[in-house]
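**Student:** Sending over final.cif (mmCIF, N, CA and C atoms and all ligand atoms).
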```
data_my_file
loop_
_atom_site.label_atom_id
_atom_site.label_comp_id
_atom_site.auth_asym_id
_atom_site.auth_seq_id
_atom_site.Cartn_x
_atom_site.Cartn_y
_atom_site.Cartn_z
N MET A 22 9.82 -15.53 3.94
CA MET A 22 8.75 -14.58 3.58
C MET A 22 9.35 -13.46 2.70
N SER A 23 8.68 -13.11 1.64
CA SER A 23 9.18 -12.05 0.76
C SER A 23 9.04 -10.69 1.44
N GLY A 24 9.71 -9.69 0.91
CA GLY A 24 9.63 -8.35 1.49
C GLY A 24 8.21 -7.84 1.57
N MET A 25 7.45 -8.05 0.48
CA MET A 25 6.07 -7.54 0.47
C MET A 25 5.19 -8.32 1.44
N ALA A 26 5.38 -9.64 1.53
CA ALA A 26 4.58 -10.45 2.46
C ALA A 26 4.87 -10.01 3.89
N GLU A 27 6.14 -9.71 4.18
CA GLU A 27 6.52 -9.25 5.52
C GLU A 27 5.86 -7.90 5.82
N PHE A 28 5.91 -7.01 4.84
CA PHE A 28 5.29 -5.69 5.00
C PHE A 28 3.79 -5.84 5.28
N ASN A 29 3.13 -6.72 4.49
CA ASN A 29 1.69 -6.91 4.64
C ASN A 29 1.35 -7.47 6.02
N SER A 30 2.14 -8.43 6.46
CA SER A 30 1.86 -9.04 7.75
C SER A 30 2.12 -8.06 8.89
N ALA A 31 3.18 -7.24 8.78
CA ALA A 31 3.46 -6.22 9.80
C ALA A 31 2.36 -5.16 9.81
N SER A 32 1.86 -4.79 8.62
CA SER A 32 0.77 -3.79 8.53
C SER A 32 -0.46 -4.29 9.26
N ASN A 33 -0.82 -5.56 9.04
CA ASN A 33 -2.01 -6.11 9.69
C ASN A 33 -1.83 -6.18 11.21
N ALA A 34 -0.62 -6.50 11.65
CA ALA A 34 -0.36 -6.57 13.10
C ALA A 34 -0.48 -5.16 13.71
N ASP A 35 0.06 -4.14 13.02
CA ASP A 35 -0.04 -2.75 13.49
C ASP A 35 -1.52 -2.34 13.59
N THR A 36 -2.28 -2.66 12.54
CA THR A 36 -3.70 -2.28 12.51
C THR A 36 -4.45 -2.94 13.67
N GLU A 37 -4.16 -4.21 13.93
CA GLU A 37 -4.83 -4.90 15.04
C GLU A 37 -4.54 -4.23 16.37
N ARG A 38 -3.28 -3.86 16.57
CA ARG A 38 -2.90 -3.17 17.82
C ARG A 38 -3.63 -1.84 17.93
N GLU A 39 -3.72 -1.12 16.80
CA GLU A 39 -4.41 0.18 16.81
C GLU A 39 -5.89 0.02 17.14
N HIS A 40 -6.51 -1.06 16.63
CA HIS A 40 -7.93 -1.30 16.95
C HIS A 40 -8.12 -1.58 18.43
N GLU A 41 -7.15 -2.26 19.04
CA GLU A 41 -7.25 -2.53 20.48
C GLU A 41 -7.20 -1.22 21.27
N VAL A 42 -6.29 -0.31 20.86
CA VAL A 42 -6.18 0.98 21.55
C VAL A 42 -7.47 1.79 21.34
N GLN A 43 -7.94 1.82 20.09
CA GLN A 43 -9.13 2.62 19.75
C GLN A 43 -10.37 2.13 20.52
N THR A 44 -10.63 0.82 20.50
CA THR A 44 -11.81 0.32 21.20
C THR A 44 -11.60 0.39 22.71
N GLY A 45 -10.35 0.29 23.16
CA GLY A 45 -10.05 0.44 24.59
C GLY A 45 -10.39 1.84 25.08
N LEU A 46 -10.03 2.85 24.29
CA LEU A 46 -10.35 4.24 24.64
C LEU A 46 -11.86 4.45 24.67
N LEU A 47 -12.56 3.84 23.71
CA LEU A 47 -14.03 3.97 23.68
C LEU A 47 -14.68 3.32 24.90
N ARG A 48 -14.17 2.14 25.28
CA ARG A 48 -14.71 1.49 26.48
C ARG A 48 -14.43 2.34 27.72
N GLU A 49 -13.24 2.93 27.76
CA GLU A 49 -12.87 3.82 28.87
C GLU A 49 -13.84 5.01 28.93
N LEU A 50 -14.17 5.54 27.74
CA LEU A 50 -15.10 6.67 27.66
C LEU A 50 -16.48 6.27 28.18
N CYS A 51 -16.98 5.10 27.75
CA CYS A 51 -18.30 4.62 28.20
C CYS A 51 -18.31 4.52 29.72
N LYS A 52 -17.23 3.98 30.26
CA LYS A 52 -17.15 3.77 31.72
C LYS A 52 -17.09 5.12 32.44
N ALA A 53 -16.22 6.01 31.99
CA ALA A 53 -16.04 7.32 32.66
C ALA A 53 -17.32 8.15 32.59
N ALA A 54 -18.01 8.12 31.43
CA ALA A 54 -19.22 8.93 31.27
C ALA A 54 -20.39 8.29 31.99
N GLY A 55 -20.46 6.96 31.98
CA GLY A 55 -21.59 6.24 32.57
C GLY A 55 -21.63 6.36 34.09
N ALA A 56 -20.48 6.44 34.69
CA ALA A 56 -20.43 6.45 36.15
C ALA A 56 -20.55 7.86 36.71
N ASN A 57 -21.09 8.79 35.89
CA ASN A 57 -21.15 10.20 36.30
C ASN A 57 -19.80 10.70 36.75
N GLY A 58 -18.82 10.31 35.97
CA GLY A 58 -17.44 10.62 36.34
C GLY A 58 -17.11 12.09 36.18
N ASP A 59 -15.87 12.39 36.42
CA ASP A 59 -15.34 13.75 36.33
C ASP A 59 -15.42 14.24 34.88
N PRO A 60 -16.13 15.35 34.61
CA PRO A 60 -16.25 15.84 33.23
C PRO A 60 -14.89 16.12 32.59
N ALA A 61 -13.90 16.52 33.40
CA ALA A 61 -12.57 16.80 32.85
C ALA A 61 -11.93 15.52 32.32
N VAL A 62 -12.16 14.41 33.03
CA VAL A 62 -11.61 13.11 32.58
C VAL A 62 -12.31 12.68 31.29
N VAL A 63 -13.64 12.84 31.26
CA VAL A 63 -14.41 12.48 30.06
C VAL A 63 -13.88 13.29 28.86
N GLY A 64 -13.67 14.59 29.06
CA GLY A 64 -13.18 15.45 27.99
C GLY A 64 -11.79 15.05 27.52
N GLU A 65 -10.96 14.63 28.47
CA GLU A 65 -9.59 14.23 28.12
C GLU A 65 -9.58 12.93 27.31
N ILE A 66 -10.42 11.97 27.72
CA ILE A 66 -10.51 10.70 26.97
C ILE A 66 -11.03 10.98 25.57
N LEU A 67 -12.05 11.84 25.48
CA LEU A 67 -12.63 12.19 24.17
C LEU A 67 -11.57 12.80 23.24
N ALA A 68 -10.76 13.71 23.78
CA ALA A 68 -9.74 14.37 22.96
C ALA A 68 -8.71 13.35 22.48
N ARG A 69 -8.30 12.44 23.37
CA ARG A 69 -7.33 11.41 22.98
C ARG A 69 -7.92 10.49 21.93
N LEU A 70 -9.19 10.11 22.13
CA LEU A 70 -9.87 9.21 21.20
C LEU A 70 -10.00 9.83 19.81
N ILE A 71 -10.32 11.10 19.75
CA ILE A 71 -10.47 11.77 18.44
C ILE A 71 -9.10 11.85 17.75
N ASP A 72 -8.07 12.27 18.47
CA ASP A 72 -6.72 12.33 17.89
C ASP A 72 -6.27 10.96 17.39
N TYR A 73 -6.47 9.95 18.24
CA TYR A 73 -6.01 8.61 17.89
C TYR A 73 -6.77 8.09 16.67
N SER A 74 -8.09 8.31 16.65
CA SER A 74 -8.92 7.81 15.55
C SER A 74 -8.53 8.49 14.24
N GLN A 75 -8.27 9.80 14.31
CA GLN A 75 -7.83 10.53 13.10
C GLN A 75 -6.56 9.91 12.54
N ALA A 76 -5.58 9.66 13.42
CA ALA A 76 -4.30 9.09 12.98
C ALA A 76 -4.50 7.67 12.44
N HIS A 77 -5.32 6.89 13.14
CA HIS A 77 -5.55 5.50 12.71
C HIS A 77 -6.25 5.47 11.35
N PHE A 78 -7.29 6.27 11.18
CA PHE A 78 -8.01 6.28 9.91
C PHE A 78 -7.09 6.74 8.78
N ALA A 79 -6.26 7.77 9.06
CA ALA A 79 -5.35 8.27 8.02
C ALA A 79 -4.37 7.17 7.60
N SER A 80 -3.87 6.38 8.55
CA SER A 80 -2.90 5.35 8.17
C SER A 80 -3.59 4.23 7.39
N GLU A 81 -4.82 3.87 7.78
CA GLU A 81 -5.57 2.85 7.01
C GLU A 81 -5.84 3.35 5.59
N GLU A 82 -6.21 4.63 5.49
CA GLU A 82 -6.55 5.19 4.17
C GLU A 82 -5.32 5.26 3.27
N LEU A 83 -4.17 5.57 3.86
CA LEU A 83 -2.93 5.60 3.08
C LEU A 83 -2.61 4.20 2.53
N LEU A 84 -2.74 3.20 3.41
CA LEU A 84 -2.46 1.82 2.98
C LEU A 84 -3.45 1.38 1.89
N MET A 85 -4.72 1.78 2.02
CA MET A 85 -5.72 1.42 1.01
C MET A 85 -5.36 2.05 -0.34
N ARG A 86 -4.87 3.30 -0.29
CA ARG A 86 -4.49 3.96 -1.55
C ARG A 86 -3.27 3.27 -2.17
N MET A 87 -2.30 2.91 -1.30
CA MET A 87 -1.11 2.20 -1.79
C MET A 87 -1.49 0.90 -2.49
N LYS A 88 -2.56 0.25 -1.98
CA LYS A 88 -2.97 -1.05 -2.51
C LYS A 88 -4.05 -0.90 -3.59
N SER A 89 -4.39 0.33 -3.96
CA SER A 89 -5.49 0.58 -4.92
C SER A 89 -6.71 -0.25 -4.55
N TYR A 90 -7.10 -0.17 -3.29
CA TYR A 90 -8.15 -1.03 -2.73
C TYR A 90 -9.52 -0.68 -3.30
N ASP A 91 -10.30 -1.70 -3.65
CA ASP A 91 -11.56 -1.46 -4.39
C ASP A 91 -12.70 -0.88 -3.53
N ASP A 92 -12.64 -1.07 -2.20
CA ASP A 92 -13.75 -0.57 -1.35
C ASP A 92 -13.37 0.75 -0.68
N TYR A 93 -12.41 1.48 -1.27
CA TYR A 93 -11.86 2.68 -0.64
C TYR A 93 -12.92 3.73 -0.30
N GLU A 94 -13.74 4.11 -1.28
CA GLU A 94 -14.69 5.22 -1.09
C GLU A 94 -15.66 4.95 0.07
N GLU A 95 -16.26 3.77 0.07
CA GLU A 95 -17.25 3.43 1.11
C GLU A 95 -16.57 3.34 2.48
N HIS A 96 -15.35 2.81 2.46
CA HIS A 96 -14.60 2.65 3.71
C HIS A 96 -14.29 4.03 4.32
N VAL A 97 -13.84 4.95 3.48
CA VAL A 97 -13.53 6.31 3.94
C VAL A 97 -14.79 7.02 4.45
N GLU A 98 -15.92 6.73 3.80
CA GLU A 98 -17.20 7.29 4.22
C GLU A 98 -17.53 6.87 5.67
N ASP A 99 -17.29 5.59 5.97
CA ASP A 99 -17.48 5.08 7.35
C ASP A 99 -16.59 5.84 8.33
N HIS A 100 -15.32 6.04 7.95
CA HIS A 100 -14.38 6.75 8.84
C HIS A 100 -14.88 8.17 9.12
N ALA A 101 -15.35 8.85 8.06
CA ALA A 101 -15.82 10.23 8.22
C ALA A 101 -17.03 10.26 9.16
N GLN A 102 -17.90 9.26 9.02
CA GLN A 102 -19.10 9.17 9.87
C GLN A 102 -18.71 8.98 11.34
N MET A 103 -17.70 8.14 11.57
CA MET A 103 -17.27 7.89 12.95
C MET A 103 -16.63 9.14 13.56
N LEU A 104 -15.82 9.84 12.77
CA LEU A 104 -15.19 11.07 13.29
C LEU A 104 -16.25 12.13 13.57
N ASP A 105 -17.26 12.23 12.69
CA ASP A 105 -18.37 13.17 12.92
C ASP A 105 -19.07 12.84 14.23
N ALA A 106 -19.32 11.55 14.44
CA ALA A 106 -20.02 11.13 15.66
C ALA A 106 -19.18 11.51 16.89
N LEU A 107 -17.87 11.26 16.83
CA LEU A 107 -17.00 11.57 17.99
C LEU A 107 -16.92 13.07 18.22
N ARG A 108 -16.83 13.85 17.14
CA ARG A 108 -16.78 15.31 17.30
C ARG A 108 -18.11 15.83 17.83
N GLY A 109 -19.20 15.20 17.43
CA GLY A 109 -20.53 15.58 17.94
C GLY A 109 -20.61 15.34 19.45
N ILE A 110 -20.09 14.19 19.88
CA ILE A 110 -20.09 13.88 21.31
C ILE A 110 -19.26 14.91 22.07
N ALA A 111 -18.08 15.26 21.50
CA ALA A 111 -17.20 16.23 22.17
C ALA A 111 -17.89 17.60 22.26
N ALA A 112 -18.64 17.97 21.21
CA ALA A 112 -19.34 19.27 21.21
C ALA A 112 -20.43 19.28 22.28
N GLU A 113 -21.18 18.18 22.37
CA GLU A 113 -22.23 18.08 23.40
C GLU A 113 -21.61 18.16 24.79
N HIS A 114 -20.51 17.44 24.95
CA HIS A 114 -19.82 17.43 26.24
C HIS A 114 -19.35 18.85 26.59
N ALA A 115 -18.81 19.56 25.61
CA ALA A 115 -18.31 20.92 25.84
C ALA A 115 -19.45 21.88 26.20
N ARG A 116 -20.67 21.57 25.70
CA ARG A 116 -21.83 22.41 26.05
C ARG A 116 -22.43 22.02 27.40
N GLY A 117 -21.84 21.03 28.04
CA GLY A 117 -22.32 20.60 29.35
C GLY A 117 -23.40 19.53 29.28
N GLU A 118 -23.65 19.01 28.05
CA GLU A 118 -24.68 17.96 27.90
C GLU A 118 -24.05 16.59 28.13
N THR A 119 -23.40 16.46 29.28
CA THR A 119 -22.61 15.27 29.55
C THR A 119 -23.47 14.02 29.74
N ALA A 120 -24.74 14.22 30.12
CA ALA A 120 -25.64 13.08 30.33
C ALA A 120 -25.82 12.27 29.05
N LEU A 121 -25.64 12.92 27.88
CA LEU A 121 -25.83 12.23 26.60
C LEU A 121 -24.61 11.42 26.19
N VAL A 122 -23.46 11.71 26.81
CA VAL A 122 -22.19 11.15 26.32
C VAL A 122 -22.18 9.63 26.39
N ALA A 123 -22.62 9.04 27.52
CA ALA A 123 -22.53 7.59 27.70
C ALA A 123 -23.31 6.84 26.60
N GLY A 124 -24.54 7.28 26.34
CA GLY A 124 -25.36 6.62 25.32
C GLY A 124 -24.75 6.73 23.94
N ARG A 125 -24.28 7.91 23.60
CA ARG A 125 -23.67 8.12 22.27
C ARG A 125 -22.36 7.35 22.15
N ALA A 126 -21.60 7.28 23.24
CA ALA A 126 -20.33 6.54 23.21
C ALA A 126 -20.60 5.05 22.98
N THR A 127 -21.67 4.53 23.60
CA THR A 127 -22.02 3.11 23.42
C THR A 127 -22.42 2.85 21.96
N GLU A 128 -23.21 3.78 21.38
CA GLU A 128 -23.61 3.64 19.96
C GLU A 128 -22.38 3.65 19.06
N THR A 129 -21.43 4.55 19.36
CA THR A 129 -20.24 4.68 18.52
C THR A 129 -19.35 3.44 18.66
N LEU A 130 -19.25 2.91 19.88
CA LEU A 130 -18.47 1.67 20.10
C LEU A 130 -19.07 0.55 19.26
N ASP A 131 -20.40 0.49 19.23
CA ASP A 131 -21.10 -0.52 18.44
C ASP A 131 -20.79 -0.36 16.95
N PHE A 132 -20.85 0.90 16.48
CA PHE A 132 -20.57 1.18 15.06
C PHE A 132 -19.13 0.82 14.70
N ILE A 133 -18.18 1.22 15.55
CA ILE A 133 -16.76 0.95 15.27
C ILE A 133 -16.49 -0.57 15.34
N GLY A 134 -17.15 -1.23 16.29
CA GLY A 134 -17.00 -2.69 16.40
C GLY A 134 -17.45 -3.37 15.11
N LYS A 135 -18.58 -2.91 14.56
CA LYS A 135 -19.09 -3.49 13.30
C LYS A 135 -18.16 -3.16 12.14
N HIS A 136 -17.64 -1.91 12.13
CA HIS A 136 -16.72 -1.50 11.07
C HIS A 136 -15.46 -2.39 11.08
N ILE A 137 -14.92 -2.62 12.28
CA ILE A 137 -13.71 -3.44 12.39
C ILE A 137 -13.99 -4.88 11.94
N ALA A 138 -15.19 -5.38 12.30
CA ALA A 138 -15.53 -6.77 11.97
C ALA A 138 -15.89 -6.97 10.50
N THR A 139 -16.20 -5.89 9.79
CA THR A 139 -16.62 -6.05 8.39
C THR A 139 -15.63 -5.38 7.43
N ARG A 140 -15.67 -4.05 7.31
CA ARG A 140 -14.82 -3.37 6.32
C ARG A 140 -13.33 -3.53 6.64
N ASP A 141 -12.94 -3.36 7.92
CA ASP A 141 -11.52 -3.49 8.26
C ASP A 141 -11.06 -4.94 8.07
N ARG A 142 -11.93 -5.90 8.41
CA ARG A 142 -11.61 -7.32 8.25
C ARG A 142 -11.40 -7.64 6.76
N ARG A 143 -12.29 -7.13 5.91
CA ARG A 143 -12.19 -7.39 4.47
C ARG A 143 -10.87 -6.84 3.93
N PHE A 144 -10.50 -5.63 4.40
CA PHE A 144 -9.25 -5.02 3.93
C PHE A 144 -8.04 -5.83 4.44
N ALA A 145 -8.08 -6.25 5.71
CA ALA A 145 -6.97 -7.04 6.26
C ALA A 145 -6.81 -8.35 5.47
N ASP A 146 -7.92 -8.99 5.11
CA ASP A 146 -7.85 -10.22 4.31
C ASP A 146 -7.22 -9.96 2.96
N SER A 147 -7.58 -8.82 2.37
CA SER A 147 -7.04 -8.47 1.07
C SER A 147 -5.53 -8.19 1.15
N VAL A 148 -5.10 -7.52 2.25
CA VAL A 148 -3.67 -7.24 2.46
C VAL A 148 -2.93 -8.58 2.68
N ARG A 149 -3.52 -9.45 3.50
CA ARG A 149 -2.90 -10.75 3.81
C ARG A 149 -2.70 -11.56 2.53
N ASN A 150 -3.68 -11.49 1.62
CA ASN A 150 -3.59 -12.26 0.38
C ASN A 150 -2.73 -11.55 -0.67
N GLY A 151 -2.15 -10.42 -0.26
CA GLY A 151 -1.21 -9.72 -1.15
C GLY A 151 -1.87 -9.10 -2.36
N LEU A 152 -3.16 -8.74 -2.19
CA LEU A 152 -3.88 -8.16 -3.34
C LEU A 152 -3.58 -6.66 -3.43
FE FE B 1 -9.64 0.51 11.52
FE FE B 2 -11.41 1.32 8.71
#
```
Turn this file's structure into structure tokens for me.
Ligand SMILES: [Fe+2]
Ligand SMILES: [Fe+2]
**Tutor:**
Amino acid sequence: MSGMAEFNSASNADTEREHEVQTGLLRELCKAAGANGDPAVVGEILARLIDYSQAHFASEELLMRMKSYDDYEEHVEDHAQMLDALRGIAAEHARGETALVAGRATETLDFIGKHIATRDRRFADSVRNGL
């Protein structure tokens, strides 16, 4: 395998692992909020999820810029929308509107699941093909 092919394959493996952590945190959030769980635990999961998502999106965006990827603008728009949604949930939670968290977390999990299956998949295919 050439140096670039190795880099591309390692990048895709890293991204896949990050998606597992990201969707795992979201499922944890749905569970913690849905079961009328401890608000402190819900807040802690939310904070970790936002930090992790910021770091994950930044690394995907850096790789897209390195590859001069053609769907960059729309892809970044999706990331911004997801971060807005997560920050909105955290703000509601901080105001004590915790009853809304489970529903919004489920919607966001659905959105991120679709993003991973479409835009992230398209980018991973492009990286795999060395484009
Ligand atoms: Fe992603
Ligand atoms: Fe993405």
**Student:** Report as CSV the residues of chain A within 8 Å of ligand FE 1 (chain B), each with its shortest atom pair and distance in Å (one decimal), using all atoms listed in the file, ordered by chain and increasing residue number.
**Tutor:**
```
residue,atom,partner,partner_atom,distance
A:Thr36,C,B:FE1,FE,6.6
A:Glu37,N,B:FE1,FE,7.6
A:Glu39,C,B:FE1,FE,6.8
A:His40,CA,B:FE1,FE,6.0
A:His77,C,B:FE1,FE,6.0
A:Phe78,CA,B:FE1,FE,6.2
A:Glu81,CA,B:FE1,FE,6.5
A:Ile133,C,B:FE1,FE,7.9
A:His136,C,B:FE1,FE,6.5
A:Ile137,CA,B:FE1,FE,5.7
A:Arg140,C,B:FE1,FE,7.3
A:Asp141,CA,B:FE1,FE,5.5
A:Arg142,N,B:FE1,FE,7.5
```
**Student:** For Ala76 in chain A, please output as a compact mmCIF listing (two decimals) with N, CA and C atoms, in the frame of the given file all residues within 12 Å (counting only C-alpha atoms; exclusion window: fewer than 2 positions along the same chain).
**Tutor:**
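As a result, around-v7.txt now contains:
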```txt
# COMPACT_ATOMS: atom_id res chain seq x y z
N THR A 36 -2.28 -2.66 12.54
CA THR A 36 -3.70 -2.28 12.51
C THR A 36 -4.45 -2.94 13.67
N GLU A 39 -3.72 -1.12 16.80
CA GLU A 39 -4.41 0.18 16.81
C GLU A 39 -5.89 0.02 17.14
N HIS A 40 -6.51 -1.06 16.63
CA HIS A 40 -7.93 -1.30 16.95
C HIS A 40 -8.12 -1.58 18.43
N VAL A 42 -6.29 -0.31 20.86
CA VAL A 42 -6.18 0.98 21.55
C VAL A 42 -7.47 1.79 21.34
N GLN A 43 -7.94 1.82 20.09
CA GLN A 43 -9.13 2.62 19.75
C GLN A 43 -10.37 2.13 20.52
N ARG A 69 -8.30 12.44 23.37
CA ARG A 69 -7.33 11.41 22.98
C ARG A 69 -7.92 10.49 21.93
N LEU A 70 -9.19 10.11 22.13
CA LEU A 70 -9.87 9.21 21.20
C LEU A 70 -10.00 9.83 19.81
N ILE A 71 -10.32 11.10 19.75
CA ILE A 71 -10.47 11.77 18.44
C ILE A 71 -9.10 11.85 17.75
N ASP A 72 -8.07 12.27 18.47
CA ASP A 72 -6.72 12.33 17.89
C ASP A 72 -6.27 10.96 17.39
N TYR A 73 -6.47 9.95 18.24
CA TYR A 73 -6.01 8.61 17.89
C TYR A 73 -6.77 8.09 16.67
N SER A 74 -8.09 8.31 16.65
CA SER A 74 -8.92 7.81 15.55
C SER A 74 -8.53 8.49 14.24
N PHE A 78 -7.29 6.27 11.18
CA PHE A 78 -8.01 6.28 9.91
C PHE A 78 -7.09 6.74 8.78
N ALA A 79 -6.26 7.77 9.06
CA ALA A 79 -5.35 8.27 8.02
C ALA A 79 -4.37 7.17 7.60
N SER A 80 -3.87 6.38 8.55
CA SER A 80 -2.90 5.35 8.17
C SER A 80 -3.59 4.23 7.39
N GLU A 81 -4.82 3.87 7.78
CA GLU A 81 -5.57 2.85 7.01
C GLU A 81 -5.84 3.35 5.59
N GLU A 82 -6.21 4.63 5.49
CA GLU A 82 -6.55 5.19 4.17
C GLU A 82 -5.32 5.26 3.27
N LEU A 83 -4.17 5.57 3.86
CA LEU A 83 -2.93 5.60 3.08
C LEU A 83 -2.61 4.20 2.53
N HIS A 100 -15.32 6.04 7.95
CA HIS A 100 -14.38 6.75 8.84
C HIS A 100 -14.88 8.17 9.12
N LEU A 104 -15.82 9.84 12.77
CA LEU A 104 -15.19 11.07 13.29
C LEU A 104 -16.25 12.13 13.57
```
**Student:** What residues in range 24-152 of chain A get the DSSP label alpha helix (DSSP H)? Please answer as a ChimeraX atom specification.
**Tutor:** /A:24-55,60-87,93-115,122-136,142-149
**Student:** Pick from A:Ser89, A:Ser32, A:His114, A:Leu121: nearest to Val62 in chain A, with only C-alpha atoms counted?
**Tutor:**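 Nearest candidate to Val62 in chain A out of A:Ser89, A:Ser32, A:His114, A:Leu121: A:His114.
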**Student:** Would you pick out the contacts of Val148 in chain A at 8 Å or less, using all atoms listed in the file, so that residues sharing its chain but fewer than 6 positions from it are not included, and give the list as a VMD selection string?
**Tutor:** chain A and resid 26 28 to 30 33 88 142
**Student:** In terms of the shortest atom-to-atom distance over all atoms listed in the file, which of A:Glu128, A:Glu113, A:Asp59, A:Asp99 is closest to ligand FE 2 (chain B)?
**Tutor:**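 Closest candidate: A:Asp99.
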**Student:** Quote the spacing between CA of Thr44 in chain A and CA of Ala115 in chain A in Å to one decimal place.
**Tutor:**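 Straight-line distance from CA of Thr44 in chain A to CA of Ala115 in chain A works out to 22.1 Å.
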**Student:** A:Leu50, A:Val97, A:Arg38, A:Glu65: which is nearest ligand FE 2 (chain B), counting all atoms listed in the file?
**Tutor:** A:Val97
**Student:** Kindly give the distance, in Å, that separates CA of Leu130 in chain A and CA of Asp146 in chain A, rounded to a single decimal.
**Tutor:** 22.4 Å
**Student:** Dump range 105-127 of chain A with N, CA and C atoms to a file, as a short mmCIF file (atom, residue, chain, number, x, y, z; two decimals), in the first residue's frame.
**Tutor:**
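The result, written out as out-v7.cif:
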```cif
data_model
loop_
_atom_site.label_atom_id
_atom_site.label_comp_id
_atom_site.auth_asym_id
_atom_site.auth_seq_id
_atom_site.Cartn_x
_atom_site.Cartn_y
_atom_site.Cartn_z
N ASP A 105 -25.69 23.37 16.49
CA ASP A 105 -26.75 24.28 16.96
C ASP A 105 -27.81 23.50 17.71
N ALA A 106 -28.20 22.36 17.14
CA ALA A 106 -29.24 21.53 17.77
C ALA A 106 -28.77 21.07 19.15
N LEU A 107 -27.51 20.62 19.24
CA LEU A 107 -26.99 20.12 20.53
C LEU A 107 -26.88 21.26 21.54
N ARG A 108 -26.43 22.43 21.09
CA ARG A 108 -26.33 23.57 22.02
C ARG A 108 -27.72 24.02 22.46
N GLY A 109 -28.69 23.92 21.57
CA GLY A 109 -30.08 24.25 21.91
C GLY A 109 -30.60 23.31 23.00
N ILE A 110 -30.30 22.03 22.85
CA ILE A 110 -30.73 21.04 23.85
C ILE A 110 -30.08 21.37 25.20
N ALA A 111 -28.77 21.70 25.16
CA ALA A 111 -28.05 22.00 26.41
C ALA A 111 -28.65 23.25 27.07
N ALA A 112 -29.04 24.24 26.26
CA ALA A 112 -29.62 25.47 26.82
C ALA A 112 -30.97 25.18 27.47
N GLU A 113 -31.79 24.36 26.80
CA GLU A 113 -33.09 23.98 27.38
C GLU A 113 -32.88 23.23 28.69
N HIS A 114 -31.93 22.31 28.65
CA HIS A 114 -31.63 21.52 29.85
C HIS A 114 -31.19 22.44 30.99
N ALA A 115 -30.34 23.42 30.68
CA ALA A 115 -29.84 24.35 31.70
C ALA A 115 -30.97 25.20 32.28
N ARG A 116 -32.01 25.45 31.45
CA ARG A 116 -33.17 26.22 31.95
C ARG A 116 -34.16 25.34 32.72
N GLY A 117 -33.84 24.07 32.83
CA GLY A 117 -34.70 23.15 33.58
C GLY A 117 -35.78 22.50 32.73
N GLU A 118 -35.71 22.73 31.40
CA GLU A 118 -36.72 22.14 30.50
C GLU A 118 -36.27 20.74 30.08
N THR A 119 -35.98 19.92 31.08
CA THR A 119 -35.38 18.62 30.83
C THR A 119 -36.34 17.65 30.14
N ALA A 120 -37.65 17.90 30.29
CA ALA A 120 -38.65 17.02 29.67
C ALA A 120 -38.51 17.01 28.15
N LEU A 121 -37.97 18.10 27.58
CA LEU A 121 -37.83 18.20 26.12
C LEU A 121 -36.60 17.47 25.61
N VAL A 122 -35.65 17.17 26.50
CA VAL A 122 -34.34 16.68 26.06
C VAL A 122 -34.45 15.36 25.31
N ALA A 123 -35.23 14.40 25.83
CA ALA A 123 -35.29 13.07 25.21
C ALA A 123 -35.77 13.14 23.76
N GLY A 124 -36.85 13.90 23.52
CA GLY A 124 -37.39 14.02 22.17
C GLY A 124 -36.41 14.67 21.22
N ARG A 125 -35.78 15.74 21.67
CA ARG A 125 -34.81 16.45 20.82
C ARG A 125 -33.57 15.60 20.57
N ALA A 126 -33.16 14.84 21.58
CA ALA A 126 -31.99 13.97 21.42
C ALA A 126 -32.28 12.89 20.39
N THR A 127 -33.51 12.36 20.40
CA THR A 127 -33.89 11.33 19.41
C THR A 127 -33.88 11.92 18.00
#
```
